[in-house]
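Text of the file work-v4.txt, holding compact mmCIF, C-alpha atoms and all ligand atoms:
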# COMPACT_ATOMS: atom_id res chain seq x y z
CA MET A 1 4.14 35.83 -12.07
CA GLY A 2 1.87 32.80 -12.22
CA ILE A 3 2.72 29.74 -10.24
CA MET A 4 5.03 27.17 -11.78
CA ALA A 5 3.96 24.00 -13.56
CA TYR A 6 2.92 21.34 -11.09
CA LEU A 7 5.06 18.31 -10.49
CA ASN A 8 3.91 14.77 -9.73
CA GLU A 9 3.88 14.88 -5.94
CA ASN A 10 3.72 11.12 -5.75
CA TYR A 11 7.46 11.11 -6.49
CA LEU A 12 8.03 13.06 -3.28
CA LYS A 13 6.62 10.15 -1.29
CA LEU A 14 9.37 7.80 -2.49
CA LYS A 15 12.01 6.76 -0.01
CA ALA A 16 15.18 8.28 -1.48
CA GLY A 17 16.65 5.10 -3.00
CA TYR A 18 17.92 4.14 0.41
CA LEU A 19 19.52 0.73 -0.05
CA PHE A 20 22.21 0.92 -2.72
CA PRO A 21 23.34 4.50 -1.92
CA GLU A 22 23.75 3.50 1.73
CA ILE A 23 25.77 0.42 0.72
CA GLY A 24 27.93 2.65 -1.48
CA ARG A 25 28.42 5.13 1.35
CA ARG A 26 29.56 2.43 3.79
CA VAL A 27 31.89 0.78 1.25
CA ASN A 28 33.49 4.15 0.40
CA ALA A 29 33.93 5.07 4.05
CA PHE A 30 35.60 1.72 4.68
CA THR A 31 37.94 1.81 1.68
CA GLU A 32 38.98 5.42 2.41
CA ALA A 33 39.93 4.48 5.94
CA ASN A 34 41.63 1.20 4.95
CA ALA A 35 43.70 1.80 1.84
CA GLU A 36 45.25 -1.68 1.80
CA ALA A 37 41.90 -3.44 2.21
CA ALA A 38 40.33 -1.40 -0.61
CA ALA A 39 41.86 -3.55 -3.33
CA ARG A 40 40.63 -6.71 -1.62
CA VAL A 41 36.94 -5.76 -1.62
CA ILE A 42 34.74 -8.28 -3.48
CA ARG A 43 31.19 -7.23 -4.36
CA CYS A 44 28.50 -9.87 -3.93
CA GLY A 45 25.80 -7.27 -3.53
CA ILE A 46 24.21 -6.27 -6.78
CA GLY A 47 22.08 -8.61 -8.89
CA ASP A 48 23.93 -8.14 -12.16
CA VAL A 49 25.47 -10.86 -14.29
CA THR A 50 29.24 -10.90 -14.75
CA GLU A 51 30.15 -13.51 -17.37
CA ALA A 52 30.62 -13.05 -21.13
CA LEU A 53 27.66 -13.00 -23.48
CA PRO A 54 26.94 -16.39 -25.15
CA GLN A 55 28.79 -16.77 -28.46
CA ALA A 56 25.59 -17.68 -30.34
CA ALA A 57 24.01 -14.34 -29.36
CA ARG A 58 27.15 -12.42 -30.32
CA ASP A 59 27.35 -14.12 -33.74
CA ALA A 60 23.68 -13.44 -34.44
CA MET A 61 24.03 -9.78 -33.46
CA HIS A 62 27.13 -9.32 -35.66
CA LYS A 63 25.20 -10.81 -38.55
CA ALA A 64 22.21 -8.56 -37.88
CA VAL A 65 24.43 -5.47 -37.90
CA ASP A 66 25.75 -6.48 -41.31
CA GLU A 67 22.20 -6.97 -42.62
CA LEU A 68 21.43 -3.39 -41.60
CA GLY A 69 24.54 -2.27 -43.50
CA ASP A 70 23.06 -3.41 -46.80
CA ARG A 71 20.17 -1.40 -48.27
CA ASN A 72 18.52 -4.63 -49.51
CA SER A 73 18.31 -6.17 -46.04
CA PHE A 74 18.12 -2.93 -44.05
CA ARG A 75 15.27 -2.62 -41.53
CA GLY A 76 13.87 0.49 -39.88
CA TYR A 77 11.05 0.46 -37.35
CA GLY A 78 9.98 -3.05 -36.47
CA PRO A 79 6.65 -4.21 -35.06
CA GLU A 80 6.06 -2.59 -31.64
CA GLN A 81 5.15 -5.99 -30.15
CA GLY A 82 8.32 -7.62 -31.45
CA TYR A 83 9.39 -9.52 -34.56
CA PRO A 84 7.43 -12.71 -35.27
CA PHE A 85 10.69 -14.73 -35.37
CA LEU A 86 11.34 -13.98 -31.70
CA ARG A 87 7.72 -14.20 -30.54
CA ASP A 88 7.50 -17.62 -32.22
CA ALA A 89 10.80 -18.86 -30.77
CA ILE A 90 9.76 -17.79 -27.27
CA THR A 91 6.31 -19.34 -27.58
CA ARG A 92 7.64 -22.65 -28.84
CA ASN A 93 10.61 -23.03 -26.51
CA PHE A 94 9.17 -21.66 -23.27
CA TYR A 95 5.54 -22.66 -23.64
CA THR A 96 4.10 -24.96 -26.30
CA ASP A 97 7.04 -27.44 -26.21
CA ARG A 98 6.26 -27.76 -22.48
CA ASN A 99 2.53 -28.15 -23.14
CA ILE A 100 1.75 -24.69 -21.81
CA ASP A 101 -1.02 -22.85 -23.60
CA VAL A 102 0.39 -19.49 -24.76
CA SER A 103 0.20 -18.19 -28.32
CA ALA A 104 2.75 -15.98 -30.08
CA ASP A 105 0.37 -13.01 -30.28
CA GLU A 106 0.11 -13.02 -26.49
CA VAL A 107 3.89 -12.45 -26.21
CA PHE A 108 5.02 -8.79 -26.20
CA ILE A 109 8.76 -8.21 -26.65
CA SER A 110 10.28 -5.35 -24.63
CA ASP A 111 13.61 -3.97 -23.50
CA GLY A 112 13.25 -5.16 -19.92
CA SER A 113 11.07 -6.60 -17.21
CA LYS A 114 11.87 -3.65 -14.98
CA CYS A 115 10.06 -1.37 -17.43
CA ASP A 116 7.29 -3.88 -18.07
CA THR A 117 6.50 -4.45 -14.39
CA GLY A 118 6.27 -0.67 -14.00
CA ASN A 119 4.51 0.12 -17.29
CA ILE A 120 1.82 -2.50 -16.77
CA LEU A 121 0.16 -0.09 -14.33
CA ASP A 122 -0.83 2.03 -17.35
CA ILE A 123 -3.58 -0.47 -18.19
CA PHE A 124 -5.04 -0.71 -14.68
CA GLY A 125 -7.42 1.79 -13.18
CA SER A 126 -7.02 3.52 -9.85
CA GLY A 127 -8.45 2.21 -6.62
CA ASN A 128 -7.10 -1.34 -6.90
CA THR A 129 -5.98 -2.96 -3.64
CA LEU A 130 -2.34 -3.98 -4.04
CA ALA A 131 -0.63 -6.95 -2.43
CA ILE A 132 3.15 -7.00 -2.50
CA THR A 133 5.55 -9.45 -0.87
CA ASP A 134 8.00 -8.30 1.81
CA PRO A 135 10.99 -8.47 1.23
CA VAL A 136 10.66 -7.48 -2.41
CA TYR A 137 12.27 -6.22 -5.63
CA PRO A 138 11.68 -2.46 -5.01
CA VAL A 139 10.34 -1.70 -8.51
CA TYR A 140 6.85 -3.05 -7.76
CA VAL A 141 6.40 -0.74 -4.80
CA ASP A 142 8.00 2.38 -6.24
CA THR A 143 6.07 2.28 -9.53
CA ASN A 144 2.81 2.11 -7.59
CA VAL A 145 3.90 5.05 -5.46
CA MET A 146 4.72 7.05 -8.62
CA ALA A 147 1.35 6.20 -10.12
CA GLY A 148 -0.45 7.52 -7.07
CA ASN A 149 -1.74 4.13 -5.99
CA THR A 150 -0.47 4.48 -2.41
CA GLY A 151 -0.50 6.90 0.47
CA ASP A 152 2.58 8.06 2.34
CA ALA A 153 5.25 5.85 3.87
CA ASP A 154 5.39 5.38 7.63
CA ASP A 155 8.59 5.40 9.70
CA SER A 156 9.33 1.79 8.78
CA GLY A 157 9.06 2.66 5.08
CA ALA A 158 5.72 0.86 4.59
CA PHE A 159 3.28 2.69 2.29
CA ALA A 160 -0.36 3.19 3.20
CA GLY A 161 -2.61 1.37 0.79
CA ILE A 162 -0.31 -1.62 0.17
CA VAL A 163 -1.11 -5.00 1.70
CA TYR A 164 2.34 -6.35 2.59
CA LEU A 165 2.69 -10.12 2.41
CA PRO A 166 5.51 -11.16 4.77
CA CYS A 167 7.86 -13.86 3.43
CA THR A 168 9.89 -15.45 6.18
CA ALA A 169 11.53 -18.77 7.01
CA GLU A 170 8.29 -19.74 8.76
CA ASN A 171 6.32 -19.73 5.47
CA GLN A 172 9.30 -20.81 3.32
CA PHE A 173 9.27 -17.31 1.83
CA VAL A 174 5.99 -17.91 0.02
CA PRO A 175 3.24 -15.65 1.39
CA GLU A 176 0.05 -16.87 2.99
CA ILE A 177 -3.15 -16.29 1.02
CA PRO A 178 -4.64 -13.06 2.43
CA GLU A 179 -7.87 -13.01 4.40
CA GLN A 180 -9.16 -9.90 2.63
CA LYS A 181 -9.84 -9.35 -1.05
CA VAL A 182 -7.01 -7.74 -3.00
CA ASP A 183 -7.04 -6.85 -6.71
CA LEU A 184 -3.43 -6.92 -7.92
CA ILE A 185 -0.83 -9.31 -6.51
CA TYR A 186 2.88 -9.22 -7.30
CA LEU A 187 4.66 -12.57 -7.07
CA CYS A 188 8.22 -13.39 -8.14
CA TYR A 189 9.44 -17.00 -8.20
CA PRO A 190 12.25 -18.02 -8.15
CA ASN A 191 12.50 -15.04 -5.85
CA ASN A 192 14.77 -12.05 -5.67
CA PRO A 193 15.99 -11.47 -2.93
CA THR A 194 15.27 -14.68 -1.00
CA GLY A 195 16.23 -17.24 -3.66
CA ALA A 196 13.08 -19.16 -2.68
CA THR A 197 10.94 -21.10 -5.13
CA ALA A 198 7.21 -21.76 -4.91
CA THR A 199 5.76 -25.24 -5.31
CA ARG A 200 2.99 -26.17 -7.69
CA GLU A 201 0.58 -26.39 -4.74
CA GLN A 202 1.51 -22.94 -3.46
CA LEU A 203 1.16 -21.28 -6.86
CA SER A 204 -2.09 -23.15 -7.56
CA ALA A 205 -3.49 -21.84 -4.28
CA TRP A 206 -2.66 -18.29 -5.38
CA VAL A 207 -4.22 -18.81 -8.82
CA ASN A 208 -7.35 -20.23 -7.17
CA TYR A 209 -7.50 -17.26 -4.83
CA ALA A 210 -7.13 -14.87 -7.78
CA LYS A 211 -9.89 -16.59 -9.72
CA ALA A 212 -12.24 -16.68 -6.74
CA ASN A 213 -11.63 -13.00 -5.96
CA ASN A 214 -11.40 -11.60 -9.50
CA ALA A 215 -7.82 -10.61 -8.72
CA ILE A 216 -4.90 -10.48 -11.15
CA ILE A 217 -1.45 -11.92 -10.40
CA LEU A 218 1.54 -10.12 -11.88
CA PHE A 219 4.05 -12.96 -12.01
CA ASP A 220 7.73 -12.09 -12.42
CA ALA A 221 9.62 -15.15 -13.66
CA ALA A 222 12.94 -13.40 -14.35
CA TYR A 223 14.83 -16.29 -12.72
CA GLU A 224 13.02 -19.30 -14.24
CA ALA A 225 16.20 -20.42 -16.05
CA PHE A 226 17.80 -21.21 -12.70
CA VAL A 227 15.21 -23.85 -11.81
CA SER A 228 16.73 -27.31 -12.12
CA ASP A 229 14.23 -29.27 -10.00
CA PRO A 230 11.60 -30.56 -12.46
CA ALA A 231 8.89 -30.42 -9.77
CA ILE A 232 9.18 -26.64 -9.48
CA PRO A 233 7.02 -24.62 -11.89
CA ARG A 234 8.83 -22.30 -14.28
CA SER A 235 5.78 -20.47 -15.56
CA ILE A 236 2.59 -19.42 -13.81
CA TYR A 237 0.69 -20.78 -16.83
CA GLU A 238 1.57 -24.30 -15.71
CA MET A 239 -1.24 -23.76 -13.18
CA GLU A 240 -4.79 -24.62 -14.15
CA GLY A 241 -6.80 -21.44 -14.70
CA ALA A 242 -3.81 -19.06 -14.76
CA ARG A 243 -4.67 -17.82 -18.25
CA ASP A 244 -7.73 -16.15 -16.75
CA CYS A 245 -5.94 -14.27 -13.98
CA CYS A 246 -2.19 -13.89 -14.62
CA ILE A 247 0.27 -11.74 -16.51
CA GLU A 248 3.79 -13.18 -16.74
CA PHE A 249 7.03 -11.20 -17.05
CA ARG A 250 10.17 -12.87 -18.38
CA SER A 251 13.57 -11.50 -19.23
CA PHE A 252 16.72 -12.53 -21.06
CA SER A 253 18.73 -10.49 -18.54
CA LYS A 254 19.54 -13.37 -16.21
CA HIS A 255 18.61 -16.14 -18.69
CA GLY A 256 21.14 -15.13 -21.35
CA GLY A 257 23.33 -12.60 -19.58
CA PHE A 258 21.45 -9.78 -21.36
CA THR A 259 21.36 -7.18 -18.55
CA GLY A 260 23.36 -4.80 -20.75
CA VAL A 261 21.90 -5.93 -24.09
CA ARG A 262 18.23 -5.49 -22.97
CA CYS A 263 15.51 -7.88 -24.04
CA ALA A 264 12.49 -9.24 -22.18
CA PHE A 265 8.85 -10.04 -22.78
CA THR A 266 5.45 -9.99 -21.15
CA VAL A 267 2.63 -12.46 -21.71
CA VAL A 268 -0.90 -11.08 -21.60
CA PRO A 269 -3.37 -13.91 -22.36
CA LYS A 270 -6.30 -12.98 -24.55
CA SER A 271 -8.64 -14.59 -22.02
CA LEU A 272 -7.53 -12.24 -19.21
CA MET A 273 -10.31 -9.82 -18.26
CA ALA A 274 -10.66 -6.84 -15.95
CA SER A 275 -13.60 -4.68 -15.02
CA THR A 276 -14.73 -1.18 -15.96
CA GLN A 277 -16.07 1.09 -13.20
CA SER A 278 -19.57 0.19 -14.35
CA GLY A 279 -18.84 -3.51 -13.91
CA GLU A 280 -18.38 -4.54 -17.53
CA GLN A 281 -15.71 -7.19 -18.19
CA LYS A 282 -13.19 -6.33 -20.88
CA PRO A 283 -10.03 -8.10 -22.09
CA LEU A 284 -6.68 -6.53 -21.11
CA HIS A 285 -4.78 -7.82 -24.15
CA PRO A 286 -5.92 -5.02 -26.52
CA LEU A 287 -5.07 -2.41 -23.88
CA TRP A 288 -1.47 -3.63 -23.51
CA SER A 289 -1.13 -3.87 -27.28
CA ARG A 290 -2.37 -0.29 -27.61
CA ARG A 291 -0.15 0.89 -24.77
CA GLN A 292 2.95 -0.61 -26.37
CA SER A 293 2.20 0.64 -29.89
CA THR A 294 1.56 4.15 -28.55
CA LYS A 295 4.44 4.52 -26.07
CA PHE A 296 7.05 2.08 -27.38
CA ASN A 297 8.71 1.52 -30.74
CA GLY A 298 10.05 -1.95 -30.26
CA VAL A 299 13.37 -3.51 -29.32
CA SER A 300 16.35 -3.20 -31.65
CA TYR A 301 16.35 -5.74 -34.50
CA ILE A 302 19.94 -6.60 -33.59
CA VAL A 303 19.01 -7.42 -30.01
CA GLN A 304 15.99 -9.50 -31.04
CA ARG A 305 18.21 -11.58 -33.34
CA GLY A 306 20.61 -12.03 -30.41
CA ALA A 307 17.78 -13.22 -28.17
CA GLU A 308 16.47 -15.57 -30.86
CA ALA A 309 19.93 -17.17 -31.08
CA LEU A 310 19.70 -18.21 -27.41
CA PHE A 311 17.19 -20.84 -28.61
CA SER A 312 19.52 -22.39 -31.22
CA ASP A 313 21.23 -25.65 -30.22
CA ASP A 314 24.49 -23.82 -29.57
CA GLY A 315 22.67 -21.00 -27.80
CA LYS A 316 20.84 -23.38 -25.48
CA ALA A 317 24.05 -25.20 -24.60
CA GLN A 318 25.78 -21.87 -23.87
CA VAL A 319 22.90 -20.64 -21.71
CA ASP A 320 23.01 -23.93 -19.79
CA GLU A 321 26.72 -23.43 -19.24
CA LEU A 322 26.19 -19.90 -17.99
CA ILE A 323 23.47 -20.99 -15.56
CA ALA A 324 25.61 -23.92 -14.39
CA HIS A 325 28.45 -21.50 -13.68
CA TYR A 326 26.31 -19.25 -11.47
CA MET A 327 24.61 -22.17 -9.76
CA GLY A 328 28.04 -23.71 -9.05
CA ASN A 329 28.89 -20.42 -7.34
CA ALA A 330 25.63 -20.54 -5.37
CA LYS A 331 26.45 -24.05 -4.14
CA LEU A 332 29.87 -22.95 -2.86
CA LEU A 333 28.38 -19.90 -1.12
CA ARG A 334 25.68 -22.02 0.48
CA GLU A 335 28.25 -24.49 1.76
CA ALA A 336 30.45 -21.73 3.18
CA ALA A 337 27.52 -20.20 5.08
CA ILE A 338 26.44 -23.62 6.37
CA GLU A 339 29.97 -24.26 7.59
CA LEU A 340 29.69 -21.03 9.57
CA ASN A 341 26.67 -22.59 11.27
CA LEU A 342 24.33 -20.08 9.71
CA GLU A 343 20.82 -20.95 8.56
CA VAL A 344 20.81 -20.83 4.77
CA PHE A 345 17.95 -20.54 2.26
CA GLY A 346 17.74 -20.25 -1.52
CA GLY A 347 20.69 -20.76 -3.84
CA GLU A 348 19.41 -24.13 -5.10
CA ASN A 349 17.08 -23.04 -7.90
CA ALA A 350 17.98 -19.34 -7.85
CA PRO A 351 21.23 -17.36 -8.01
CA TYR A 352 20.73 -15.78 -4.58
CA VAL A 353 21.69 -17.25 -1.24
CA TRP A 354 19.59 -15.86 1.61
CA VAL A 355 21.16 -16.27 5.02
CA ARG A 356 19.76 -15.73 8.50
CA CYS A 357 22.02 -13.51 10.59
CA PRO A 358 23.31 -14.99 13.85
CA ALA A 359 20.94 -14.37 16.78
CA GLY A 360 20.91 -10.74 17.86
CA VAL A 361 22.79 -9.48 14.79
CA SER A 362 20.87 -7.08 12.52
CA SER A 363 21.25 -7.24 8.76
CA TRP A 364 23.22 -3.95 8.66
CA GLU A 365 25.49 -5.19 11.47
CA MET A 366 26.11 -8.28 9.38
CA PHE A 367 26.83 -6.07 6.38
CA ASP A 368 29.46 -4.14 8.39
CA LYS A 369 31.02 -7.31 9.72
CA MET A 370 31.34 -8.89 6.26
CA LEU A 371 32.81 -5.65 4.92
CA GLU A 372 35.26 -5.03 7.75
CA GLN A 373 36.41 -8.58 8.47
CA ALA A 374 36.04 -10.29 5.09
CA ASN A 375 36.07 -7.25 2.77
CA VAL A 376 33.01 -8.73 1.09
CA VAL A 377 29.96 -6.64 0.13
CA ILE A 378 26.64 -8.38 0.67
CA THR A 379 23.12 -6.94 0.69
CA PRO A 380 21.35 -6.46 4.04
CA GLY A 381 17.90 -8.03 4.01
CA ALA A 382 16.27 -5.03 5.67
CA GLY A 383 17.01 -3.04 2.51
CA PHE A 384 14.37 -5.12 0.67
CA GLY A 385 11.64 -4.52 3.24
CA ALA A 386 10.90 -4.80 6.94
CA ALA A 387 10.51 -8.60 6.82
CA GLY A 388 14.04 -8.87 5.41
CA GLU A 389 15.52 -7.75 8.75
CA GLY A 390 17.66 -10.49 10.25
CA TYR A 391 18.73 -11.86 6.86
CA PHE A 392 21.33 -11.02 4.24
CA ARG A 393 21.63 -11.82 0.53
CA ILE A 394 24.76 -13.09 -1.21
CA SER A 395 24.63 -12.93 -4.98
CA ALA A 396 26.10 -15.81 -7.00
CA PHE A 397 26.75 -13.51 -9.96
CA ASN A 398 30.53 -13.47 -9.95
CA SER A 399 33.64 -15.22 -11.26
CA ARG A 400 34.46 -18.60 -9.74
CA ALA A 401 37.77 -17.25 -8.42
CA ASN A 402 35.99 -14.43 -6.58
CA VAL A 403 33.42 -16.79 -5.10
CA GLU A 404 36.11 -19.19 -3.89
CA GLU A 405 37.90 -16.29 -2.24
CA VAL A 406 34.65 -15.07 -0.64
CA CYS A 407 34.07 -18.57 0.76
CA ARG A 408 37.61 -18.73 2.22
CA ARG A 409 37.14 -15.35 3.89
CA MET A 410 33.66 -16.21 5.20
CA LYS A 411 34.96 -19.35 6.85
CA ALA A 412 37.61 -17.25 8.63
CA LEU A 413 35.02 -14.87 10.16
CA THR A 414 35.16 -14.66 13.94
CA TRP A 415 32.39 -13.63 16.29
C1 LIG A 501 16.84 -8.79 -12.74
C2 LIG A 501 15.40 -8.80 -12.50
C3 LIG A 501 14.51 -8.54 -13.54
C4 LIG A 501 14.97 -8.28 -14.94
O1 LIG A 501 14.87 -6.95 -15.26
P1 LIG A 501 15.32 -6.44 -16.68
O2 LIG A 501 14.79 -5.06 -16.76
O3 LIG A 501 14.68 -7.36 -17.71
O4 LIG A 501 16.82 -6.48 -16.75
C5 LIG A 501 13.15 -8.59 -13.27
N1 LIG A 501 12.69 -8.87 -12.03
C6 LIG A 501 13.52 -9.13 -11.03
C7 LIG A 501 12.96 -9.47 -9.70
C8 LIG A 501 14.90 -9.08 -11.21
O5 LIG A 501 15.72 -9.32 -10.19
Rewrite the structure from the file as structure tokens, please.
Amino acid sequence: MGIMAYLNENYLKLKAGYLFPEIGRRVNAFTEANAEAAARVIRCGIGDVTEALPQAARDAMHKAVDELGDRNSFRGYGPEQGYPFLRDAITRNFYTDRNIDVSADEVFISDGSKCDTGNILDIFGSGNTLAITDPVYPVYVDTNVMAGNTGDADDSGAFAGIVYLPCTAENQFVPEIPEQKVDLIYLCYPNNPTGATATREQLSAWVNYAKANNAIILFDAAYEAFVSDPAIPRSIYEMEGARDCCIEFRSFSKHGGFTGVRCAFTVVPKSLMASTQSGEQKPLHPLWSRRQSTKFNGVSYIVQRGAEALFSDDGKAQVDELIAHYMGNAKLLREAAIELNLEVFGGENAPYVWVRCPAGVSSWEMFDKMLEQANVVITPGAGFGAAGEGYFRISAFNSRANVEEVCRRMKALTW
């Protein structure tokens, strides 16, 4: 007998999806022991949208289905990079109408930013120094672990080979520019989990650092639709020089309630270069184009028509309404936490409210208290990284009735 096929040992380094399973375990244990409280439990933990899909998107998708039902308007495989009608609508509405220099052939349509932020590693070589914020959306870390770009995790869950950039109240949850040179930097603003936004000055400083150090910023703007303050940037390409050092990820998941429908896009500017081992500069755009046409066959025509409809007059009004609903929830949650005398962050240009636990209370203790006393599920900050300890996240993705009930119960908490 020969030995078996080898597996990718990098997967064995991953922390076993600790956060959400542990939340599930604690909620189950509580509801099994408290049958009458079980029905009262309200989940404000996960970052998934809850409200109905905009009518304009539904109408467009129904129409697209009917087109496919007629041999004369039937469509099979579409372009791997996305249909021109959607690439053009995105470019116009998100970029050129706002005087941002992005062209339609730099926009690559996909079925999600989660996949894109992971898949992008295909076009980077090994040996890059990675900088990742802490706390963080776990996908950035785990995909680098899977790709073999890190060493093992230590007892605190930190992986060797990653430069962690702490985001705390002291730096308004926007990391300091590192002293050392790094090659790839993950930034997400408005931020999940902290709900923080970055100012023009802060993002410009990062772009300047990237340019000076030949680094590349992977900018996740999944929550840009929640920005209402006109002074806050919504795209990294609003910064001078960003076309030379940034890739931007955007998604219709939170923008149009598309978490179940699946549509997103990535912008790779044609002017963005990276280096070969021998020091030659080459553009990344053809690599991403090649990667997508080899490993991906495009997003469903139906879904792309649905996404396009979000840019119609009706679609825009319905998206605005959806965002206003969630941001109304965020305002109520913020106010409830403030009334409890807790220190509150985020929730003003992002659908997450990030709250500092009372002195001496850990984020898991806070989780237990909210579950047991208020029957409300929140997310402990420590689950997003070591620097999240001492904070918890409340998601604004919920019905208004649920949020009002959560606020009532929070105000009744006793210490
Ligand atoms: C929700 C979310 C996304 C969107 O992911 P999709 O795969 O497009 O649904 C991307 N980044 C962050 C940080 C998110 O929270």
Go through chain A and flag each residue having an atom no more than 8 Å from ligand LIG 501 (chain A); for those, report the closest pair of atoms plus their distance in Å to one decimal, using only C-alpha atoms and all ligand atoms, ordered by chain and rising number, as JSON lines.
{"residue": "A:Gly47", "atom": "CA", "partner": "A:LIG501", "partner_atom": "C1", "distance": 6.5}
{"residue": "A:Asp48", "atom": "CA", "partner": "A:LIG501", "partner_atom": "C1", "distance": 7.1}
{"residue": "A:Asp111", "atom": "CA", "partner": "A:LIG501", "partner_atom": "O3", "distance": 6.8}
{"residue": "A:Gly112", "atom": "CA", "partner": "A:LIG501", "partner_atom": "O3", "distance": 3.4}
{"residue": "A:Ser113", "atom": "CA", "partner": "A:LIG501", "partner_atom": "O3", "distance": 3.7}
{"residue": "A:Lys114", "atom": "CA", "partner": "A:LIG501", "partner_atom": "O2", "distance": 3.7}
{"residue": "A:Cys115", "atom": "CA", "partner": "A:LIG501", "partner_atom": "O2", "distance": 6.0}
{"residue": "A:Asp116", "atom": "CA", "partner": "A:LIG501", "partner_atom": "O2", "distance": 7.7}
{"residue": "A:Thr117", "atom": "CA", "partner": "A:LIG501", "partner_atom": "C5", "distance": 7.9}
{"residue": "A:Val136", "atom": "CA", "partner": "A:LIG501", "partner_atom": "C7", "distance": 7.9}
{"residue": "A:Tyr137", "atom": "CA", "partner": "A:LIG501", "partner_atom": "C7", "distance": 5.3}
{"residue": "A:Cys188", "atom": "CA", "partner": "A:LIG501", "partner_atom": "C7", "distance": 6.3}
{"residue": "A:Asn191", "atom": "CA", "partner": "A:LIG501", "partner_atom": "C7", "distance": 6.8}
{"residue": "A:Asn192", "atom": "CA", "partner": "A:LIG501", "partner_atom": "C7", "distance": 5.1}
{"residue": "A:Pro193", "atom": "CA", "partner": "A:LIG501", "partner_atom": "O5", "distance": 7.6}
{"residue": "A:Asp220", "atom": "CA", "partner": "A:LIG501", "partner_atom": "N1", "distance": 5.9}
{"residue": "A:Ala221", "atom": "CA", "partner": "A:LIG501", "partner_atom": "N1", "distance": 7.2}
{"residue": "A:Ala222", "atom": "CA", "partner": "A:LIG501", "partner_atom": "C5", "distance": 4.9}
{"residue": "A:Tyr223", "atom": "CA", "partner": "A:LIG501", "partner_atom": "C8", "distance": 7.4}
{"residue": "A:Phe249", "atom": "CA", "partner": "A:LIG501", "partner_atom": "C5", "distance": 7.7}
{"residue": "A:Arg250", "atom": "CA", "partner": "A:LIG501", "partner_atom": "O3", "distance": 7.2}
{"residue": "A:Ser251", "atom": "CA", "partner": "A:LIG501", "partner_atom": "O3", "distance": 4.5}
{"residue": "A:Phe252", "atom": "CA", "partner": "A:LIG501", "partner_atom": "O3", "distance": 6.5}
{"residue": "A:Ser253", "atom": "CA", "partner": "A:LIG501", "partner_atom": "O4", "distance": 4.8}
{"residue": "A:Lys254", "atom": "CA", "partner": "A:LIG501", "partner_atom": "C1", "distance": 6.3}
{"residue": "A:Phe258", "atom": "CA", "partner": "A:LIG501", "partner_atom": "O4", "distance": 7.3}
{"residue": "A:Thr259", "atom": "CA", "partner": "A:LIG501", "partner_atom": "O4", "distance": 4.9}
{"residue": "A:Gly260", "atom": "CA", "partner": "A:LIG501", "partner_atom": "O4", "distance": 7.8}
{"residue": "A:Arg262", "atom": "CA", "partner": "A:LIG501", "partner_atom": "O4", "distance": 6.5}
{"residue": "A:Cys263", "atom": "CA", "partner": "A:LIG501", "partner_atom": "O3", "distance": 6.4}
{"residue": "A:Ala264", "atom": "CA", "partner": "A:LIG501", "partner_atom": "O3", "distance": 5.3}
Looking at only C-alpha atoms, which of A:Ile120, A:Gly383, A:Asp314, A:Asn8 is the one that sits closest to Thr143 of chain A?
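Closest to Thr143 of chain A, using only C-alpha atoms: A:Ile120.
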Ref. answer, residues at most 12 Å from (5.7, -10.2, -35.2) with only C-alpha atoms, as a ChimeraX atom specification
/A:78-91,103-109,298-299,301,304
What is the atom CA of Lys369 of chain A to atom CA of Val141 of chain A distance in Å?
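So the two atoms, atom CA of Lys369 of chain A and atom CA of Val141 of chain A, lie 29.3 Å apart.
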Pick out the residues sitting within 8 Å of segment 339-354 of chain A, and hand them over as a VMD selection string; count all atoms listed in the file, and ignore anything fewer than 3 positions along from it in its own chain.
chain A and resid 190 to 197 223 226 to 229 326 to 327 330 to 331 333 to 336 357 to 358 391 to 397 410 to 411
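Taking atom CA of Val406 of chain A and atom CA of Ala169 of chain A as endpoints, the distance between them is 24.6 Å.
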Residues near Glu372 of chain A, cut-off 12 Å, all atoms listed in the file, skip fewer than 6 positions along chain, as a ChimeraX atom specification:
/A:26-31,33-34,37-38,40-42,365-366,378,409-410,413-414
Find the residues near Ser312 of chain A: any atom within 12 Å, counting only C-alpha atoms, skip ones fewer than 2 places away on the same chain, and give them as a PyMOL selection string.
chain A and resi 54-57+59-60+86+89-90+93+305-310+314-319
Could you work out how far atom CA of Ala198 of chain A lies from atom CA of Gly360 of chain A, giving the answer in Å with one decimal?
28.8 Å
Tell me which protein, DNA and RNA residues are within 9 Å of Val174 of chain A, counting all atoms listed in the file, leaving out same-chain ones fewer than 2 positions away, and put them as a ChimeraX atom specification.
/A:133,165-169,171-172,176,187,189,196-198,202
Best match for closeness to Asp142 of chain A among A:Asn119, A:His255, A:Ser300, A:Ser126, counting only C-alpha atoms:
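Among A:Asn119, A:His255, A:Ser300, A:Ser126, it is A:Asn119 that comes nearest to Asp142 of chain A.
Remark: for Gly148 of chain A, the closest of the candidate residues A:Phe311, A:Trp415, A:Tyr11, A:Trp288 is A:Tyr11 (distances computed over only C-alpha atoms).
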Rank nothing, just name the residue among A:Val361, A:Leu14, A:Ile132, A:Leu371 nearest to Asp154 of chain A, using only C-alpha atoms.
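Checking each of A:Val361, A:Leu14, A:Ile132, A:Leu371 against Asp154 of chain A, counting only C-alpha atoms, the winner is A:Leu14.
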